[in-house]
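To be precise, the following lines are target-v2.txt, and they hold compact mmCIF, C-alpha atoms.
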```txt
# COMPACT_ATOMS: atom_id res chain seq x y z
CA MET B 692 115.12 111.30 114.09
CA GLN B 693 118.73 110.81 112.95
CA ALA B 694 119.11 110.53 109.16
CA LEU B 695 121.46 107.73 108.11
CA THR B 696 123.85 107.75 105.19
CA VAL B 697 124.36 104.00 104.94
CA CYS B 698 122.45 102.51 102.02
CA GLY B 699 118.98 101.32 103.02
CA ALA B 700 119.37 101.56 106.80
CA ARG B 701 116.73 103.56 108.62
CA ILE B 702 115.76 104.65 112.10
CA LEU B 703 112.08 103.85 112.54
CA PRO B 704 109.90 105.17 115.35
CA LEU B 705 107.86 102.60 117.22
CA THR B 706 104.36 103.46 118.35
CA ALA B 707 104.23 104.01 122.12
CA VAL B 708 101.14 103.93 124.32
CA HIS B 709 101.77 105.61 127.68
CA GLU B 710 99.22 104.79 130.38
CA SER B 711 99.02 104.81 134.17
CA ARG B 712 99.44 101.01 134.01
CA GLY B 713 102.77 101.34 132.16
CA THR B 714 104.09 101.82 128.65
CA LEU B 715 103.59 99.62 125.61
CA THR B 716 105.73 100.08 122.51
CA PHE B 717 104.93 98.19 119.33
CA GLY B 718 105.78 97.62 115.73
CA GLN B 719 104.02 95.49 113.15
CA VAL B 720 104.30 94.67 109.48
CA GLY B 721 103.47 97.88 107.65
CA GLN B 722 104.04 100.03 110.75
CA GLY B 723 107.63 100.06 111.97
CA LEU B 724 108.43 96.47 111.03
CA PRO B 725 109.58 96.07 107.41
CA PHE B 726 109.39 92.23 107.30
CA THR B 727 107.81 89.22 108.95
CA VAL B 728 109.95 87.75 111.69
CA GLN B 729 111.24 84.17 111.68
CA ARG B 730 113.84 84.57 114.42
CA PHE B 731 114.37 86.80 117.42
CA PHE B 732 117.23 87.16 119.81
CA ALA B 733 118.07 89.21 122.86
CA VAL B 734 121.57 90.26 123.88
CA TYR B 735 122.34 91.26 127.48
CA GLY B 736 125.00 91.05 130.15
CA VAL B 737 127.61 92.46 127.77
CA PRO B 738 130.65 93.58 129.81
CA SER B 739 131.88 97.14 129.41
CA GLY B 740 134.38 97.36 126.57
CA LYS B 741 133.13 94.27 124.73
CA SER B 742 131.68 94.49 121.24
CA ARG B 743 129.41 92.16 119.29
CA GLY B 744 128.37 91.69 115.70
CA ALA B 745 131.15 92.54 113.25
CA HIS B 746 129.59 90.75 110.30
CA ALA B 747 127.22 91.33 107.42
CA HIS B 748 124.34 89.26 106.10
CA LYS B 749 123.82 88.37 102.47
CA THR B 750 120.01 88.32 102.56
CA LEU B 751 118.85 88.84 106.17
CA HIS B 752 116.84 91.89 107.24
CA GLN B 753 117.07 92.90 110.90
CA LEU B 754 115.37 95.32 113.26
CA LEU B 755 117.22 96.34 116.44
CA VAL B 756 115.50 97.77 119.50
CA CYS B 757 117.34 98.55 122.73
CA LEU B 758 114.58 97.80 125.23
CA LYS B 759 116.63 98.72 128.29
CA GLY B 760 119.80 100.74 128.74
CA SER B 761 121.82 101.69 125.70
CA CYS B 762 124.33 100.57 123.11
CA VAL B 763 125.95 102.00 120.02
CA VAL B 764 125.68 100.40 116.58
CA THR B 765 128.12 101.18 113.79
CA LEU B 766 126.98 100.53 110.23
CA ASP B 767 129.16 100.38 107.15
CA ASP B 768 128.04 99.80 103.56
CA GLY B 769 131.59 99.91 102.19
CA GLN B 770 131.14 103.51 101.04
CA THR B 771 129.99 105.35 104.16
CA CYS B 772 129.49 104.74 107.87
CA ASP B 773 126.93 105.65 110.52
CA GLU B 774 127.06 105.48 114.28
CA VAL B 775 123.70 105.11 115.98
CA LEU B 776 123.01 105.40 119.69
CA LEU B 777 120.14 103.14 120.68
CA ASN B 778 118.89 104.33 124.07
CA ASN B 779 115.14 104.49 123.69
CA PRO B 780 112.64 101.61 123.38
CA GLU B 781 110.48 103.86 121.21
CA MET B 782 112.95 103.79 118.33
CA SER B 783 114.28 100.97 116.20
CA LEU B 784 117.07 100.55 113.70
CA TYR B 785 116.37 98.71 110.47
CA VAL B 786 119.45 97.05 108.97
CA PRO B 787 119.02 95.66 105.45
CA PRO B 788 121.26 92.95 103.92
CA MET B 789 124.86 93.70 102.96
CA ILE B 790 125.60 96.14 105.77
CA TRP B 791 128.59 95.49 108.04
CA ALA B 792 127.34 96.07 111.59
CA GLU B 793 128.92 96.06 115.02
CA GLN B 794 127.48 96.84 118.47
CA HIS B 795 129.54 98.29 121.29
CA HIS B 796 129.39 100.57 124.35
CA TYR B 797 126.66 98.46 125.93
CA SER B 798 125.49 99.88 129.26
CA ALA B 799 125.53 97.37 132.11
CA ASP B 800 121.72 97.07 132.05
CA ALA B 801 121.33 96.98 128.25
CA VAL B 802 118.90 94.55 126.64
CA LEU B 803 119.11 94.60 122.85
CA LEU B 804 116.29 92.90 120.94
CA ILE B 805 116.96 91.84 117.36
CA LEU B 806 114.20 90.66 115.06
CA ALA B 807 115.28 88.85 111.92
CA SER B 808 113.57 87.96 108.65
CA ASP B 809 114.84 84.38 108.48
CA ILE B 810 115.99 81.52 110.67
CA TYR B 811 119.70 81.10 111.43
CA ARG B 812 121.70 80.13 108.33
CA GLU B 813 125.46 80.17 108.76
CA ASP B 814 126.00 80.55 105.01
CA ASP B 815 124.16 83.89 105.13
CA TYR B 816 126.93 85.43 107.25
CA ILE B 817 129.96 87.31 105.91
CA ARG B 818 132.39 87.38 108.82
CA ASP B 819 135.48 88.67 107.02
CA TYR B 820 135.60 92.40 106.25
CA ASP B 821 137.68 91.98 103.09
CA GLN B 822 135.21 89.43 101.76
CA PHE B 823 132.45 91.94 102.52
CA THR B 824 134.10 94.78 100.60
CA THR B 825 134.79 92.44 97.67
CA ALA B 826 131.19 91.17 97.69
CA ILE B 827 129.61 94.63 97.52
CA LYS B 828 131.74 95.75 94.58
CA MET O 1179 110.12 73.36 133.29
CA GLN O 1180 106.65 73.95 134.73
CA ALA O 1181 103.91 71.81 133.13
CA LEU O 1182 100.78 73.78 132.32
CA THR O 1183 97.21 72.55 132.54
CA VAL O 1184 95.63 75.22 130.33
CA CYS O 1185 94.77 73.87 126.89
CA GLY O 1186 97.59 74.38 124.40
CA ALA O 1187 99.74 76.75 126.47
CA ARG O 1188 103.37 75.74 126.89
CA ILE O 1189 106.54 76.94 128.51
CA LEU O 1190 109.28 76.76 125.89
CA PRO O 1191 112.99 77.03 126.59
CA LEU O 1192 114.93 79.50 124.48
CA THR O 1193 118.43 78.64 123.35
CA ALA O 1194 121.04 80.63 125.28
CA VAL O 1195 124.63 81.23 124.25
CA HIS O 1196 126.74 82.38 127.20
CA GLU O 1197 130.07 83.99 126.26
CA SER O 1198 132.59 86.36 127.81
CA ARG O 1199 131.11 89.08 125.56
CA GLY O 1200 127.62 88.58 127.06
CA THR O 1201 124.60 86.36 126.65
CA LEU O 1202 122.45 85.83 123.57
CA THR O 1203 119.08 84.10 123.85
CA PHE O 1204 117.15 83.17 120.74
CA GLY O 1205 114.10 81.51 119.32
CA GLN O 1206 113.19 80.87 115.72
CA VAL O 1207 110.44 79.17 113.75
CA GLY O 1208 110.80 75.47 114.49
CA GLN O 1209 112.92 76.09 117.59
CA GLY O 1210 111.09 77.86 120.40
CA LEU O 1211 108.91 80.03 118.17
CA PRO O 1212 105.69 78.31 117.05
CA PHE O 1213 104.68 80.90 114.42
CA THR O 1214 106.02 83.67 112.20
CA VAL O 1215 105.78 87.09 113.80
CA GLN O 1216 103.82 89.99 112.31
CA ARG O 1217 103.76 92.20 115.40
CA PHE O 1218 105.89 92.69 118.48
CA PHE O 1219 105.40 94.77 121.56
CA ALA O 1220 107.27 95.52 124.73
CA VAL O 1221 105.68 96.41 128.06
CA TYR O 1222 107.66 98.23 130.75
CA GLY O 1223 107.30 100.84 133.46
CA VAL O 1224 104.32 99.04 134.97
CA PRO O 1225 103.71 100.39 138.48
CA SER O 1226 103.56 97.96 141.36
CA GLY O 1227 100.01 96.67 141.83
CA LYS O 1228 98.92 97.33 138.25
CA SER O 1229 97.84 94.53 135.95
CA ARG O 1230 97.63 94.31 132.17
CA GLY O 1231 95.99 92.04 129.64
CA ALA O 1232 92.66 90.63 130.85
CA HIS O 1233 91.47 89.57 127.44
CA ALA O 1234 91.53 86.63 125.06
CA HIS O 1235 92.23 86.44 121.34
CA LYS O 1236 90.08 84.58 118.84
CA THR O 1237 92.91 83.63 116.47
CA LEU O 1238 96.15 85.25 117.65
CA HIS O 1239 99.14 83.20 118.83
CA GLN O 1240 101.55 84.90 121.23
CA LEU O 1241 104.95 84.23 122.77
CA LEU O 1242 105.88 86.05 125.97
CA VAL O 1243 109.45 86.54 127.17
CA CYS O 1244 110.35 88.57 130.23
CA LEU O 1245 113.72 89.95 129.11
CA LYS O 1246 114.40 91.84 132.34
CA GLY O 1247 112.93 91.60 135.82
CA SER O 1248 109.83 89.50 136.36
CA CYS O 1249 106.07 89.34 136.08
CA VAL O 1250 103.35 86.79 136.66
CA VAL O 1251 100.94 85.63 133.96
CA THR O 1252 97.64 83.97 134.76
CA LEU O 1253 96.06 81.83 132.05
CA ASP O 1254 92.50 80.57 131.98
CA ASP O 1255 90.90 78.35 129.33
CA GLY O 1256 87.49 78.38 131.01
CA GLN O 1257 88.12 74.96 132.56
CA THR O 1258 91.42 75.34 134.38
CA CYS O 1259 93.94 78.03 135.31
CA ASP O 1260 97.72 78.34 135.45
CA GLU O 1261 99.92 80.93 137.08
CA VAL O 1262 103.33 81.34 135.48
CA LEU O 1263 106.24 83.33 136.88
CA LEU O 1264 108.32 84.78 134.04
CA ASN O 1265 111.67 85.76 135.53
CA ASN O 1266 114.20 84.36 133.10
CA PRO O 1267 115.02 85.50 129.56
CA GLU O 1268 115.87 81.90 128.69
CA MET O 1269 112.25 80.78 128.93
CA SER O 1270 109.16 81.80 127.01
CA LEU O 1271 105.44 81.27 127.39
CA TYR O 1272 103.41 80.29 124.35
CA VAL O 1273 99.78 81.37 124.56
CA PRO O 1274 97.48 79.99 121.84
CA PRO O 1275 94.16 81.56 120.83
CA MET O 1276 91.14 81.42 123.15
CA ILE O 1277 93.04 81.70 126.42
CA TRP O 1278 92.11 84.45 128.87
CA ALA O 1279 95.40 85.98 130.00
CA GLU O 1280 96.41 88.63 132.50
CA GLN O 1281 99.83 89.88 133.62
CA HIS O 1282 100.50 91.24 137.08
CA HIS O 1283 103.16 91.55 139.79
CA TYR O 1284 105.56 93.31 137.43
CA SER O 1285 108.88 94.12 139.05
CA ALA O 1286 109.95 97.75 138.72
CA ASP O 1287 112.58 96.86 136.12
CA ALA O 1288 110.45 94.37 134.16
CA VAL O 1289 110.54 94.38 130.36
CA LEU O 1290 108.03 91.96 128.86
CA LEU O 1291 108.40 91.15 125.16
CA ILE O 1292 105.38 89.78 123.32
CA LEU O 1293 105.61 88.39 119.82
CA ALA O 1294 102.35 87.94 117.95
CA SER O 1295 101.30 86.00 114.86
CA ASP O 1296 99.26 88.79 113.28
CA ILE O 1297 99.00 92.57 113.14
CA TYR O 1298 96.65 94.39 115.52
CA ARG O 1299 93.00 93.66 114.79
CA GLU O 1300 90.54 94.95 117.36
CA ASP O 1301 87.90 92.42 116.30
CA ASP O 1302 90.25 89.59 117.34
CA TYR O 1303 89.99 90.65 121.01
CA ILE O 1304 87.49 89.29 123.52
CA ARG O 1305 87.56 91.81 126.37
CA ASP O 1306 84.54 90.59 128.35
CA TYR O 1307 85.02 87.47 130.47
CA ASP O 1308 81.39 86.32 130.15
CA GLN O 1309 81.65 86.59 126.36
CA PHE O 1310 84.83 84.52 126.58
CA THR O 1311 83.23 81.72 128.60
CA THR O 1312 80.25 81.70 126.25
CA ALA O 1313 82.52 81.61 123.18
CA ILE O 1314 84.54 78.58 124.33
CA LYS O 1315 81.44 76.49 125.09
```

Is it possible to give me this structure as structure tokens?
Amino acid sequence: MQALTVCGARILPLTAVHESRGTLTFGQVGQGLPFTVQRFFAVYGVPSGKSRGAHAHKTLHQLLVCLKGSCVVTLDDGQTCDEVLLNNPEMSLYVPPMIWAEQHHYSADAVLLILASDIYREDDYIRDYDQFTTAIK
Amino acid sequence: MQALTVCGARILPLTAVHESRGTLTFGQVGQGLPFTVQRFFAVYGVPSGKSRGAHAHKTLHQLLVCLKGSCVVTLDDGQTCDEVLLNNPEMSLYVPPMIWAEQHHYSADAVLLILASDIYREDDYIRDYDQFTTAIK
């Protein structure tokens, strides 16, 4: 499991149950899910070469799972950076607040699931990188 | 949107944002997600002809979204039945407690996401259909 340098971010294994009737992967509070979920979203159909994200959250916790295909997530805490390949539905990436994150290199079939600790609040977003670096100082 | 006859079950639209950089579909508490989520699981790699589920929950609320491919969910409240084709990541199926549910006819590429209102508790499951019909009387 890749060790991350960015403050607070972690790769968490999900529990997988492999059976003749298919595979089930799960996470739950206390076991691969560090928060209760108020919002979920799925990202798919991202054309080759396009990126998404490029913002930080003031208070939101997120868990990313690439359920199909692959994508790459870059994380930046203002001091150090990580690049994480998500290509396995048995792993997840926990992103705490105040991390600048961007997703790119989506495969054509990629389905990225993001679970979030709160509902959508526009004032929780930091969309300007200079504002982000100022805020974390 | 298909109207369901089974008590309490509903098909809920998710909000979709279509952009040149891909599609994002989301639900959140108060908008397509009727509960906070303590557990999530994904089901995939289900061979043709295999079914999953075939149980009811005493207290658990669930939301099903087929993020890729398709599957069919049968619901049974002991009085009436519904059959729901999930083949669109912009729709979800809310399944309240005390509904007997089974999933089948998974496409080879199907990825079914299930969000649940509580962590795994074996004593919340009713796995015997006769016990289920007795319990709902």

Lys1228 in chain O surroundings by only C-alpha atoms, 12 Å radius, close-in-sequence under 6 positions cut, as a ChimeraX atom specification: /B:710-714 /O:1222,1249-1250,1280-1286

Suppose we keep C-alpha atoms; can you now write the selection as a PDB file, in the frame of the given file?
```
ATOM      1  CA  GLU B 710      99.220 104.790 130.380  1.00  0.00           C
ATOM      2  CA  SER B 711      99.020 104.810 134.170  1.00  0.00           C
ATOM      3  CA  ARG B 712      99.440 101.010 134.010  1.00  0.00           C
ATOM      4  CA  GLY B 713     102.770 101.340 132.160  1.00  0.00           C
ATOM      5  CA  THR B 714     104.090 101.820 128.650  1.00  0.00           C
TER       6      THR B 714
ATOM      7  CA  TYR O1222     107.660  98.230 130.750  1.00  0.00           C
ATOM      8  CA  CYS O1249     106.070  89.340 136.080  1.00  0.00           C
ATOM      9  CA  VAL O1250     103.350  86.790 136.660  1.00  0.00           C
ATOM     10  CA  GLU O1280      96.410  88.630 132.500  1.00  0.00           C
ATOM     11  CA  GLN O1281      99.830  89.880 133.620  1.00  0.00           C
ATOM     12  CA  HIS O1282     100.500  91.240 137.080  1.00  0.00           C
ATOM     13  CA  HIS O1283     103.160  91.550 139.790  1.00  0.00           C
ATOM     14  CA  TYR O1284     105.560  93.310 137.430  1.00  0.00           C
ATOM     15  CA  SER O1285     108.880  94.120 139.050  1.00  0.00           C
ATOM     16  CA  ALA O1286     109.950  97.750 138.720  1.00  0.00           C
TER      17      ALA O1286
END
```

Using all atoms listed in the file, determine which residues of chain O fall within 7 Å of chain B; present them as a VMD selection string. chain O and resid 1199 to 1207 1214 to 1225 1228 to 1229 1297

Export of the given selection (C-alpha atoms) as a compact mmCIF listing (two decimals), in the frame of the given file:
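Saved file result-v8.txt follows:
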```
# COMPACT_ATOMS: atom_id res chain seq x y z
CA ARG O 1199 131.11 89.08 125.56
CA GLY O 1200 127.62 88.58 127.06
CA THR O 1201 124.60 86.36 126.65
CA LEU O 1202 122.45 85.83 123.57
CA THR O 1203 119.08 84.10 123.85
CA PHE O 1204 117.15 83.17 120.74
CA GLY O 1205 114.10 81.51 119.32
CA GLN O 1206 113.19 80.87 115.72
CA VAL O 1207 110.44 79.17 113.75
CA THR O 1214 106.02 83.67 112.20
CA VAL O 1215 105.78 87.09 113.80
CA GLN O 1216 103.82 89.99 112.31
CA ARG O 1217 103.76 92.20 115.40
CA PHE O 1218 105.89 92.69 118.48
CA PHE O 1219 105.40 94.77 121.56
CA ALA O 1220 107.27 95.52 124.73
CA VAL O 1221 105.68 96.41 128.06
CA TYR O 1222 107.66 98.23 130.75
CA GLY O 1223 107.30 100.84 133.46
CA VAL O 1224 104.32 99.04 134.97
CA PRO O 1225 103.71 100.39 138.48
CA LYS O 1228 98.92 97.33 138.25
CA SER O 1229 97.84 94.53 135.95
CA ILE O 1297 99.00 92.57 113.14
```

Once chain O is superposed on chain B with a least-squares fit on all C-alpha pairs taken in order, can you show it as a short mmCIF file (atom, residue, chain, number, x, y, z; two decimals) with C-alpha atoms, in the coordinates of the input?
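So the final result, stored in part-v8.cif, reads:
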```
data_model
loop_
_atom_site.label_atom_id
_atom_site.label_comp_id
_atom_site.auth_asym_id
_atom_site.auth_seq_id
_atom_site.Cartn_x
_atom_site.Cartn_y
_atom_site.Cartn_z
CA MET O 1179 115.15 111.29 114.13
CA GLN O 1180 118.74 110.82 112.96
CA ALA O 1181 119.13 110.55 109.17
CA LEU O 1182 121.45 107.75 108.12
CA THR O 1183 123.84 107.76 105.19
CA VAL O 1184 124.35 104.00 104.95
CA CYS O 1185 122.45 102.50 102.03
CA GLY O 1186 118.98 101.32 103.03
CA ALA O 1187 119.38 101.57 106.81
CA ARG O 1188 116.72 103.58 108.62
CA ILE O 1189 115.76 104.66 112.09
CA LEU O 1190 112.08 103.87 112.54
CA PRO O 1191 109.89 105.17 115.35
CA LEU O 1192 107.85 102.59 117.23
CA THR O 1193 104.36 103.46 118.37
CA ALA O 1194 104.23 104.02 122.13
CA VAL O 1195 101.14 103.93 124.32
CA HIS O 1196 101.78 105.60 127.67
CA GLU O 1197 99.22 104.79 130.38
CA SER O 1198 99.02 104.80 134.17
CA ARG O 1199 99.45 101.00 134.01
CA GLY O 1200 102.79 101.35 132.16
CA THR O 1201 104.10 101.82 128.65
CA LEU O 1202 103.59 99.61 125.61
CA THR O 1203 105.73 100.08 122.51
CA PHE O 1204 104.92 98.19 119.34
CA GLY O 1205 105.79 97.61 115.73
CA GLN O 1206 104.01 95.49 113.17
CA VAL O 1207 104.30 94.66 109.49
CA GLY O 1208 103.47 97.87 107.66
CA GLN O 1209 104.04 100.02 110.75
CA GLY O 1210 107.63 100.06 111.97
CA LEU O 1211 108.43 96.46 111.02
CA PRO O 1212 109.58 96.06 107.41
CA PHE O 1213 109.40 92.24 107.29
CA THR O 1214 107.81 89.22 108.94
CA VAL O 1215 109.94 87.75 111.69
CA GLN O 1216 111.25 84.17 111.68
CA ARG O 1217 113.85 84.57 114.42
CA PHE O 1218 114.37 86.80 117.42
CA PHE O 1219 117.23 87.17 119.81
CA ALA O 1220 118.07 89.20 122.85
CA VAL O 1221 121.56 90.27 123.89
CA TYR O 1222 122.32 91.26 127.48
CA GLY O 1223 125.01 91.04 130.13
CA VAL O 1224 127.62 92.46 127.77
CA PRO O 1225 130.64 93.59 129.79
CA SER O 1226 131.87 97.13 129.40
CA GLY O 1227 134.39 97.36 126.55
CA LYS O 1228 133.12 94.28 124.72
CA SER O 1229 131.68 94.49 121.23
CA ARG O 1230 129.40 92.15 119.30
CA GLY O 1231 128.38 91.68 115.70
CA ALA O 1232 131.16 92.53 113.24
CA HIS O 1233 129.59 90.75 110.31
CA ALA O 1234 127.23 91.33 107.41
CA HIS O 1235 124.34 89.27 106.09
CA LYS O 1236 123.81 88.38 102.45
CA THR O 1237 120.01 88.32 102.57
CA LEU O 1238 118.84 88.84 106.16
CA HIS O 1239 116.83 91.89 107.23
CA GLN O 1240 117.06 92.90 110.89
CA LEU O 1241 115.37 95.33 113.27
CA LEU O 1242 117.20 96.35 116.43
CA VAL O 1243 115.50 97.78 119.51
CA CYS O 1244 117.33 98.55 122.72
CA LEU O 1245 114.56 97.80 125.23
CA LYS O 1246 116.62 98.72 128.29
CA GLY O 1247 119.81 100.72 128.74
CA SER O 1248 121.81 101.69 125.69
CA CYS O 1249 124.32 100.57 123.10
CA VAL O 1250 125.95 102.00 120.01
CA VAL O 1251 125.69 100.41 116.57
CA THR O 1252 128.12 101.18 113.79
CA LEU O 1253 126.97 100.52 110.23
CA ASP O 1254 129.16 100.37 107.15
CA ASP O 1255 128.04 99.80 103.56
CA GLY O 1256 131.59 99.90 102.18
CA GLN O 1257 131.14 103.51 101.05
CA THR O 1258 129.99 105.34 104.16
CA CYS O 1259 129.49 104.73 107.88
CA ASP O 1260 126.92 105.66 110.51
CA GLU O 1261 127.06 105.48 114.27
CA VAL O 1262 123.70 105.11 115.97
CA LEU O 1263 123.02 105.41 119.69
CA LEU O 1264 120.13 103.14 120.68
CA ASN O 1265 118.90 104.34 124.07
CA ASN O 1266 115.15 104.48 123.68
CA PRO O 1267 112.65 101.62 123.38
CA GLU O 1268 110.48 103.86 121.21
CA MET O 1269 112.95 103.80 118.32
CA SER O 1270 114.28 100.97 116.20
CA LEU O 1271 117.07 100.55 113.70
CA TYR O 1272 116.37 98.72 110.46
CA VAL O 1273 119.45 97.07 108.97
CA PRO O 1274 119.03 95.65 105.45
CA PRO O 1275 121.25 92.95 103.94
CA MET O 1276 124.86 93.70 102.97
CA ILE O 1277 125.60 96.14 105.78
CA TRP O 1278 128.59 95.50 108.04
CA ALA O 1279 127.33 96.06 111.59
CA GLU O 1280 128.91 96.06 115.02
CA GLN O 1281 127.47 96.85 118.46
CA HIS O 1282 129.53 98.30 121.28
CA HIS O 1283 129.38 100.57 124.33
CA TYR O 1284 126.65 98.47 125.93
CA SER O 1285 125.48 99.87 129.25
CA ALA O 1286 125.51 97.37 132.11
CA ASP O 1287 121.72 97.07 132.04
CA ALA O 1288 121.34 96.98 128.24
CA VAL O 1289 118.90 94.55 126.64
CA LEU O 1290 119.11 94.61 122.85
CA LEU O 1291 116.29 92.91 120.93
CA ILE O 1292 116.95 91.85 117.35
CA LEU O 1293 114.20 90.65 115.06
CA ALA O 1294 115.28 88.85 111.91
CA SER O 1295 113.56 87.95 108.65
CA ASP O 1296 114.84 84.37 108.47
CA ILE O 1297 116.00 81.52 110.68
CA TYR O 1298 119.71 81.10 111.43
CA ARG O 1299 121.70 80.12 108.35
CA GLU O 1300 125.46 80.17 108.77
CA ASP O 1301 126.01 80.55 105.02
CA ASP O 1302 124.16 83.89 105.12
CA TYR O 1303 126.94 85.43 107.26
CA ILE O 1304 129.95 87.31 105.92
CA ARG O 1305 132.39 87.37 108.83
CA ASP O 1306 135.49 88.67 107.03
CA TYR O 1307 135.59 92.39 106.25
CA ASP O 1308 137.71 91.98 103.09
CA GLN O 1309 135.22 89.43 101.77
CA PHE O 1310 132.47 91.93 102.52
CA THR O 1311 134.11 94.78 100.60
CA THR O 1312 134.80 92.44 97.69
CA ALA O 1313 131.20 91.17 97.71
CA ILE O 1314 129.60 94.63 97.53
CA LYS O 1315 131.75 95.74 94.57
#
```

Give me, please, the distance in Å between CA of Val756 in chain B and CA of Leu695 in chain B, quoted to one decimal. 16.3 Å

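Distance-wise, CA of Thr765 in chain B and CA of Ala792 in chain B end up 5.6 Å apart.
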
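Of the residues listed (B:Val775, B:Ala747, B:Met782, B:Cys698), B:Ala747 shows the shortest atom-to-atom separation from Ile817 in chain B; distances use all atoms listed in the file.
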
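The gap separating CA of Gly1247 in chain O from CA of Pro1275 in chain O is 26.0 Å, in Å to one decimal.
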